[in-house]
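Visitor: For reference, this is final_9.csv, and it has CSV, N, CA, C and O atoms.
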```
chain,number,residue,atom,x,y,z
A,212,ILE,N,82.6,100.1,117.0
A,212,ILE,CA,82.6,99.0,116.0
A,212,ILE,C,83.0,97.7,116.7
A,212,ILE,O,84.1,97.7,117.3
A,213,GLY,N,82.2,96.8,116.5
A,213,GLY,CA,82.5,95.5,117.2
A,213,GLY,C,83.5,94.6,116.3
A,213,GLY,O,83.8,95.0,115.2
A,214,ARG,N,83.9,93.5,116.9
A,214,ARG,CA,84.8,92.6,116.1
A,214,ARG,C,84.2,92.2,114.8
A,214,ARG,O,84.8,92.1,113.8
A,215,LYS,N,82.9,91.8,114.9
A,215,LYS,CA,82.2,91.3,113.7
A,215,LYS,C,82.2,92.3,112.5
A,215,LYS,O,82.6,92.0,111.4
A,216,GLN,N,81.8,93.6,112.9
A,216,GLN,CA,81.8,94.6,111.9
A,216,GLN,C,83.2,94.9,111.3
A,216,GLN,O,83.4,95.2,110.2
A,217,TRP,N,84.2,94.9,112.2
A,217,TRP,CA,85.6,95.1,111.9
A,217,TRP,C,86.1,94.1,110.8
A,217,TRP,O,86.7,94.4,109.8
A,218,TRP,N,85.8,92.8,111.1
A,218,TRP,CA,86.2,91.7,110.2
A,218,TRP,C,85.4,91.9,108.9
A,218,TRP,O,86.1,91.7,107.8
A,219,ILE,N,84.2,92.1,108.9
A,219,ILE,CA,83.4,92.2,107.7
A,219,ILE,C,83.9,93.4,106.8
A,219,ILE,O,84.1,93.2,105.6
A,220,CYS,N,84.0,94.5,107.4
A,220,CYS,CA,84.5,95.7,106.7
A,220,CYS,C,85.9,95.4,106.1
A,220,CYS,O,86.2,95.8,104.9
A,221,GLY,N,86.8,94.8,106.9
A,221,GLY,CA,88.1,94.6,106.4
A,221,GLY,C,88.1,93.6,105.2
A,221,GLY,O,88.8,93.8,104.2
A,222,ILE,N,87.4,92.5,105.3
A,222,ILE,CA,87.3,91.5,104.3
A,222,ILE,C,86.7,92.0,103.0
A,222,ILE,O,87.2,91.9,101.9
A,223,VAL,N,85.5,92.7,103.2
A,223,VAL,CA,84.8,93.3,102.0
A,223,VAL,C,85.7,94.3,101.3
A,223,VAL,O,85.8,94.3,100.1
A,224,THR,N,86.4,95.2,102.1
A,224,THR,CA,87.2,96.2,101.5
A,224,THR,C,88.4,95.5,100.7
A,224,THR,O,88.7,95.9,99.6
A,225,GLY,N,89.0,94.5,101.3
A,225,GLY,CA,90.0,93.8,100.6
A,225,GLY,C,89.6,93.1,99.3
A,225,GLY,O,90.2,93.2,98.2
A,226,ILE,N,88.4,92.5,99.3
A,226,ILE,CA,87.8,91.9,98.1
A,226,ILE,C,87.5,92.9,97.0
A,226,ILE,O,87.8,92.7,95.9
A,227,VAL,N,86.9,94.0,97.4
A,227,VAL,CA,86.5,95.1,96.5
A,227,VAL,C,87.8,95.6,95.8
A,227,VAL,O,87.8,95.8,94.6
A,228,VAL,N,88.8,95.9,96.6
A,228,VAL,CA,90.1,96.4,96.0
A,228,VAL,C,90.7,95.4,95.0
A,228,VAL,O,91.2,95.8,94.0
A,229,MET,N,90.7,94.1,95.4
A,229,MET,CA,91.2,93.1,94.5
A,229,MET,C,90.4,93.1,93.1
A,229,MET,O,91.0,93.1,92.1
A,230,LEU,N,89.1,93.2,93.2
A,230,LEU,CA,88.3,93.1,92.0
A,230,LEU,C,88.5,94.4,91.2
A,230,LEU,O,88.6,94.3,90.0
A,231,VAL,N,88.6,95.6,91.8
A,231,VAL,CA,88.8,96.8,91.1
A,231,VAL,C,90.1,96.8,90.4
A,231,VAL,O,90.3,97.2,89.2
A,232,ASN,N,91.2,96.3,91.1
A,232,ASN,CA,92.5,96.2,90.5
A,232,ASN,C,92.5,95.2,89.3
A,232,ASN,O,93.1,95.4,88.3
A,233,MET,N,91.7,94.1,89.4
A,233,MET,CA,91.6,93.2,88.3
A,233,MET,C,91.0,93.8,87.1
A,233,MET,O,91.4,93.6,86.0
A,234,VAL,N,89.9,94.6,87.3
A,234,VAL,CA,89.2,95.3,86.2
A,234,VAL,C,90.1,96.3,85.6
A,234,VAL,O,90.2,96.4,84.4
A,235,ILE,N,90.9,97.1,86.4
A,235,ILE,CA,91.8,98.1,85.9
A,235,ILE,C,92.8,97.4,85.0
A,235,ILE,O,93.2,97.8,83.9
A,236,ASN,N,93.4,96.3,85.5
A,236,ASN,CA,94.4,95.6,84.7
A,236,ASN,C,93.8,95.0,83.4
A,236,ASN,O,94.5,94.9,82.4
A,237,LEU,N,92.6,94.5,83.5
A,237,LEU,CA,92.0,94.0,82.2
A,237,LEU,C,91.7,95.1,81.2
A,237,LEU,O,91.9,94.9,80.0
A,238,ILE,N,91.3,96.2,81.7
A,238,ILE,CA,91.0,97.4,80.8
A,238,ILE,C,92.3,98.0,80.3
A,238,ILE,O,92.4,98.2,79.1
A,239,ALA,N,93.2,98.3,81.2
A,239,ALA,CA,94.4,99.0,80.8
A,239,ALA,C,95.4,98.0,80.2
A,239,ALA,O,96.3,98.4,79.4
A,240,GLY,N,95.3,96.8,80.5
A,240,GLY,CA,96.3,95.8,80.0
A,240,GLY,C,97.5,95.8,80.9
A,240,GLY,O,97.8,96.8,81.6
A,241,TYR,N,98.2,94.7,81.0
A,241,TYR,CA,99.3,94.6,81.9
A,241,TYR,C,100.6,95.2,81.3
A,241,TYR,O,101.6,95.4,82.0
A,242,THR,N,100.6,95.5,80.1
A,242,THR,CA,101.8,96.0,79.4
A,242,THR,C,101.9,97.6,79.4
A,242,THR,O,102.9,98.1,79.0
A,243,ILE,N,100.8,98.2,79.6
A,243,ILE,CA,100.8,99.7,79.5
A,243,ILE,C,101.2,100.3,80.8
A,243,ILE,O,100.5,100.4,81.8
A,244,ALA,N,102.5,100.7,80.9
A,244,ALA,CA,103.1,101.2,82.1
A,244,ALA,C,102.5,102.5,82.5
A,244,ALA,O,102.4,102.9,83.7
A,245,ALA,N,102.0,103.3,81.5
A,245,ALA,CA,101.5,104.6,81.8
A,245,ALA,C,100.2,104.6,82.6
A,245,ALA,O,99.9,105.5,83.4
A,246,LEU,N,99.5,103.5,82.5
A,246,LEU,CA,98.2,103.4,83.3
A,246,LEU,C,98.3,102.5,84.5
A,246,LEU,O,97.4,102.3,85.2
A,247,SER,N,99.5,101.9,84.8
A,247,SER,CA,99.7,101.1,85.9
A,247,SER,C,99.5,101.8,87.3
A,247,SER,O,99.2,101.2,88.3
A,248,PHE,N,99.7,103.2,87.2
A,248,PHE,CA,99.5,103.9,88.5
A,248,PHE,C,98.0,103.9,88.9
A,248,PHE,O,97.7,104.1,90.1
A,249,LEU,N,97.1,103.6,88.0
A,249,LEU,CA,95.7,103.5,88.4
A,249,LEU,C,95.4,102.5,89.5
A,249,LEU,O,94.5,102.6,90.2
A,250,THR,N,96.2,101.4,89.5
A,250,THR,CA,96.0,100.4,90.5
A,250,THR,C,96.3,100.8,91.9
A,250,THR,O,95.9,100.2,92.9
A,251,TYR,N,97.1,101.9,92.0
A,251,TYR,CA,97.4,102.4,93.4
A,251,TYR,C,96.3,103.2,94.0
A,251,TYR,O,96.2,103.3,95.2
A,252,ILE,N,95.4,103.7,93.2
A,252,ILE,CA,94.3,104.5,93.7
A,252,ILE,C,93.4,103.6,94.7
A,252,ILE,O,93.1,104.1,95.8
A,253,PRO,N,92.9,102.4,94.3
A,253,PRO,CA,92.1,101.6,95.2
A,253,PRO,C,92.9,101.2,96.4
A,253,PRO,O,92.3,101.1,97.5
A,254,ILE,N,94.2,101.0,96.2
A,254,ILE,CA,95.0,100.5,97.4
A,254,ILE,C,95.1,101.7,98.4
A,254,ILE,O,95.0,101.4,99.6
A,255,ILE,N,95.3,102.9,97.9
A,255,ILE,CA,95.3,104.0,98.9
A,255,ILE,C,94.0,104.2,99.6
A,255,ILE,O,93.9,104.5,100.8
A,256,ALA,N,92.9,104.0,98.8
A,256,ALA,CA,91.6,104.1,99.4
A,256,ALA,C,91.4,103.0,100.5
A,256,ALA,O,90.8,103.3,101.5
A,257,MET,N,91.9,101.8,100.2
A,257,MET,CA,91.8,100.7,101.2
A,257,MET,C,92.6,101.1,102.4
A,257,MET,O,92.1,100.8,103.5
A,258,LEU,N,93.8,101.6,102.3
A,258,LEU,CA,94.6,102.0,103.4
A,258,LEU,C,93.9,103.0,104.3
A,258,LEU,O,93.9,102.9,105.5
A,259,TRP,N,93.2,104.0,103.6
A,259,TRP,CA,92.5,105.0,104.4
A,259,TRP,C,91.3,104.4,105.2
A,259,TRP,O,91.1,104.7,106.3
A,260,ILE,N,90.6,103.5,104.5
A,260,ILE,CA,89.5,102.8,105.2
A,260,ILE,C,90.0,102.0,106.4
A,260,ILE,O,89.4,102.0,107.4
A,261,MET,N,91.1,101.2,106.1
A,261,MET,CA,91.6,100.3,107.2
A,261,MET,C,92.1,101.1,108.4
A,261,MET,O,92.0,100.7,109.5
A,262,ILE,N,92.7,102.3,108.1
A,262,ILE,CA,93.2,103.1,109.2
A,262,ILE,C,92.0,103.7,110.0
A,262,ILE,O,92.0,103.6,111.3
A,263,ALA,N,91.0,104.1,109.3
A,263,ALA,CA,89.8,104.6,110.0
A,263,ALA,C,89.1,103.5,110.8
A,263,ALA,O,88.7,103.7,112.0
A,264,LEU,N,89.0,102.3,110.3
A,264,LEU,CA,88.5,101.2,111.0
A,264,LEU,C,89.3,100.8,112.2
A,264,LEU,O,88.8,100.6,113.3
A,265,GLY,N,90.6,100.9,112.1
A,265,GLY,CA,91.5,100.6,113.2
A,265,GLY,C,91.4,101.6,114.3
A,265,GLY,O,91.3,101.2,115.5
A,266,VAL,N,91.3,102.8,114.0
A,266,VAL,CA,91.2,103.9,115.0
A,266,VAL,C,89.8,103.7,115.7
A,266,VAL,O,89.7,103.8,116.9
A,267,LYS,N,88.8,103.5,114.9
A,267,LYS,CA,87.4,103.3,115.5
A,267,LYS,C,87.4,102.1,116.4
A,267,LYS,O,86.8,102.2,117.5
A,268,ARG,N,88.0,101.0,116.0
A,268,ARG,CA,88.0,99.8,116.8
A,268,ARG,C,88.8,100.0,118.1
A,268,ARG,O,88.4,99.6,119.2
A,269,LEU,N,90.0,100.7,118.0
A,269,LEU,CA,90.7,101.0,119.2
A,269,LEU,C,90.0,101.9,120.2
A,269,LEU,O,90.1,101.7,121.4
A,270,HIS,N,89.2,102.9,119.6
A,270,HIS,CA,88.4,103.7,120.5
A,270,HIS,C,87.4,102.9,121.3
A,270,HIS,O,87.1,103.1,122.4
A,271,ASP,N,86.8,101.9,120.6
A,271,ASP,CA,85.8,101.1,121.2
A,271,ASP,C,86.5,100.1,122.2
A,271,ASP,O,85.8,99.6,123.1
A,272,ARG,N,87.8,99.9,122.1
A,272,ARG,CA,88.5,99.1,123.0
A,272,ARG,C,89.0,99.9,124.2
A,272,ARG,O,89.6,99.4,125.1
A,273,GLY,N,88.7,101.2,124.2
A,273,GLY,CA,89.1,102.1,125.3
A,273,GLY,C,90.5,102.6,125.2
A,273,GLY,O,91.1,103.0,126.1
A,274,LYS,N,91.0,102.6,124.0
A,274,LYS,CA,92.4,103.0,123.7
A,274,LYS,C,92.4,104.2,122.8
A,274,LYS,O,91.4,104.4,122.1
A,275,GLU,N,93.5,105.0,122.8
A,275,GLU,CA,93.6,106.1,121.9
A,275,GLU,C,93.9,105.7,120.5
A,275,GLU,O,94.5,104.6,120.2
A,276,GLY,N,93.5,106.5,119.5
A,276,GLY,CA,93.7,106.2,118.1
A,276,GLY,C,95.2,106.2,117.8
A,276,GLY,O,95.6,105.5,116.8
A,277,LYS,N,96.0,107.0,118.6
A,277,LYS,CA,97.4,107.0,118.4
A,277,LYS,C,98.1,105.7,118.6
A,277,LYS,O,99.1,105.4,118.0
A,278,MET,N,97.4,104.8,119.3
A,278,MET,CA,98.0,103.5,119.5
A,278,MET,C,98.1,102.7,118.2
A,278,MET,O,98.8,101.7,118.2
A,279,LEU,N,97.3,103.1,117.2
A,279,LEU,CA,97.3,102.4,115.9
A,279,LEU,C,98.8,102.4,115.4
A,279,LEU,O,99.2,101.4,114.7
A,280,VAL,N,99.5,103.4,115.6
A,280,VAL,CA,100.9,103.4,115.1
A,280,VAL,C,101.7,102.3,115.8
A,280,VAL,O,102.5,101.6,115.1
A,281,ILE,N,101.5,102.1,117.1
A,281,ILE,CA,102.2,101.0,117.8
A,281,ILE,C,101.7,99.7,117.2
A,281,ILE,O,102.5,98.8,117.0
A,282,THR,N,100.4,99.5,117.0
A,282,THR,CA,99.9,98.2,116.6
A,282,THR,C,100.4,98.0,115.1
A,282,THR,O,100.4,96.8,114.7
A,283,LEU,N,100.7,99.0,114.3
A,283,LEU,CA,101.2,98.8,113.0
A,283,LEU,C,102.6,98.3,113.0
A,283,LEU,O,103.1,97.6,112.1
A,284,ILE,N,103.4,98.8,114.0
A,284,ILE,CA,104.8,98.4,114.2
A,284,ILE,C,104.8,96.9,114.6
A,284,ILE,O,105.6,96.1,114.1
A,285,VAL,N,104.0,96.6,115.5
A,285,VAL,CA,103.9,95.2,116.0
A,285,VAL,C,102.6,94.6,115.5
A,285,VAL,O,101.6,94.5,116.1
A,286,ILE,N,102.7,94.2,114.2
A,286,ILE,CA,101.5,93.7,113.5
A,286,ILE,C,100.7,92.6,114.1
A,286,ILE,O,99.5,92.7,114.2
A,287,PRO,N,101.4,91.6,114.6
A,287,PRO,CA,100.6,90.5,115.3
A,287,PRO,C,99.7,91.0,116.4
A,287,PRO,O,98.6,90.6,116.6
A,288,TRP,N,100.3,91.9,117.3
A,288,TRP,CA,99.5,92.4,118.4
A,288,TRP,C,98.3,93.3,117.9
A,288,TRP,O,97.2,93.3,118.4
A,289,GLY,N,98.5,94.1,116.9
A,289,GLY,CA,97.5,94.9,116.3
A,289,GLY,C,96.3,94.1,115.8
A,289,GLY,O,95.2,94.4,115.9
A,290,PHE,N,96.7,93.0,115.2
A,290,PHE,CA,95.7,92.0,114.7
A,290,PHE,C,94.9,91.4,115.8
A,290,PHE,O,93.7,91.4,115.8
A,291,VAL,N,95.6,91.1,116.9
A,291,VAL,CA,94.9,90.5,118.1
A,291,VAL,C,94.0,91.6,118.7
A,291,VAL,O,92.9,91.3,119.1
A,292,GLU,N,94.6,92.8,118.9
A,292,GLU,CA,93.9,93.9,119.6
A,292,GLU,C,92.6,94.2,118.9
A,292,GLU,O,91.6,94.4,119.5
A,293,CYS,N,92.6,94.3,117.6
A,293,CYS,CA,91.4,94.8,116.8
A,293,CYS,C,90.5,93.6,116.4
A,293,CYS,O,89.3,93.8,116.4
A,294,GLY,N,91.1,92.4,116.2
A,294,GLY,CA,90.3,91.4,115.7
A,294,GLY,C,89.7,90.4,116.7
A,294,GLY,O,88.7,89.7,116.4
A,295,PHE,N,90.3,90.3,117.8
A,295,PHE,CA,89.9,89.2,118.7
A,295,PHE,C,89.5,89.7,120.1
A,295,PHE,O,88.7,89.0,120.8
A,296,LEU,N,90.0,90.8,120.6
A,296,LEU,CA,89.6,91.2,121.9
A,296,LEU,C,88.3,92.0,121.9
A,296,LEU,O,88.0,92.8,121.0
A,297,PRO,N,87.4,91.8,122.9
A,297,PRO,CA,86.1,92.4,122.9
A,297,PRO,C,86.2,93.9,123.2
A,297,PRO,O,87.2,94.4,123.8
A,298,SER,N,85.1,94.6,122.9
A,298,SER,CA,85.0,96.1,123.1
A,298,SER,C,84.8,96.3,124.6
A,298,SER,O,84.3,95.4,125.3
A,299,LYS,N,85.2,97.5,125.1
A,299,LYS,CA,84.9,97.8,126.5
A,299,LYS,C,83.7,98.7,126.5
A,299,LYS,O,83.6,99.7,125.9
A,300,ASP,N,82.7,98.4,127.3
A,300,ASP,CA,81.5,99.2,127.4
A,300,ASP,C,81.4,100.0,128.6
A,300,ASP,O,81.9,99.9,129.6
```
Show me, as structure tokens, the structure contained in the file I just sent.
Guide:
Amino acid sequence: IGRKQWWICGIVTGIVVMLVNMVINLIAGYTIAALSFLTYIPIIAMLWIMIALGVKRLHDRGKEGKMLVITLIVIPWGFVECGFLPSKD
């Protein structure tokens, strides 16, 4: 997965999760605490997608997927590693 696809997938996923959460909050209402857990479902799905994208991007950079843990600890470097550096062919 190239930089362009990584950026597009990340941005689109973020926008979709925000829209879904807005719809859930409009339907459930902000005051119903019993249904507020529904907003976590799209967030968990987004995290799953972002982890998969990060691992795929790191593989295309010639690095192991385990390195994603390190890039999550040092967030600025993970952002540079996946978002700005070219793939290794």
Visitor: At a cut-off of 9 Å, using only C-alpha atoms, what residues contact region 255-272 of chain A? Leave out same-chain residues fewer than 3 positions from it and give the result as a count of residues only.
Guide: 25
Visitor: At what distance in Å, to one decimal, does atom C of Lys274 (chain A) lie from atom C of Phe295 (chain A)?
Guide: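 Answer for the atom C of Phe295 (chain A) to atom C of Lys274 (chain A) separation: 15.0 Å.
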Visitor: For the atom pair CA of Val291 (chain A) and CA of Ile219 (chain A), what is the interatomic distance in Å to one decimal place?
Guide: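 Answer for the CA of Val291 (chain A) to CA of Ile219 (chain A) separation: 15.6 Å.
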Visitor: One decimal, in Å: what's the spacing between CA of Leu230 (chain A) and CA of Pro253 (chain A)?
Guide: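 CA of Pro253 (chain A) lies 9.8 Å from CA of Leu230 (chain A).
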Visitor: How would you write, as an MDAnalysis selection string, the set of residues in chain A that DSSP gives as helix (DSSP H, G or I)?
Guide: chainID A and resid 214:239 244:271 278:284 286:294
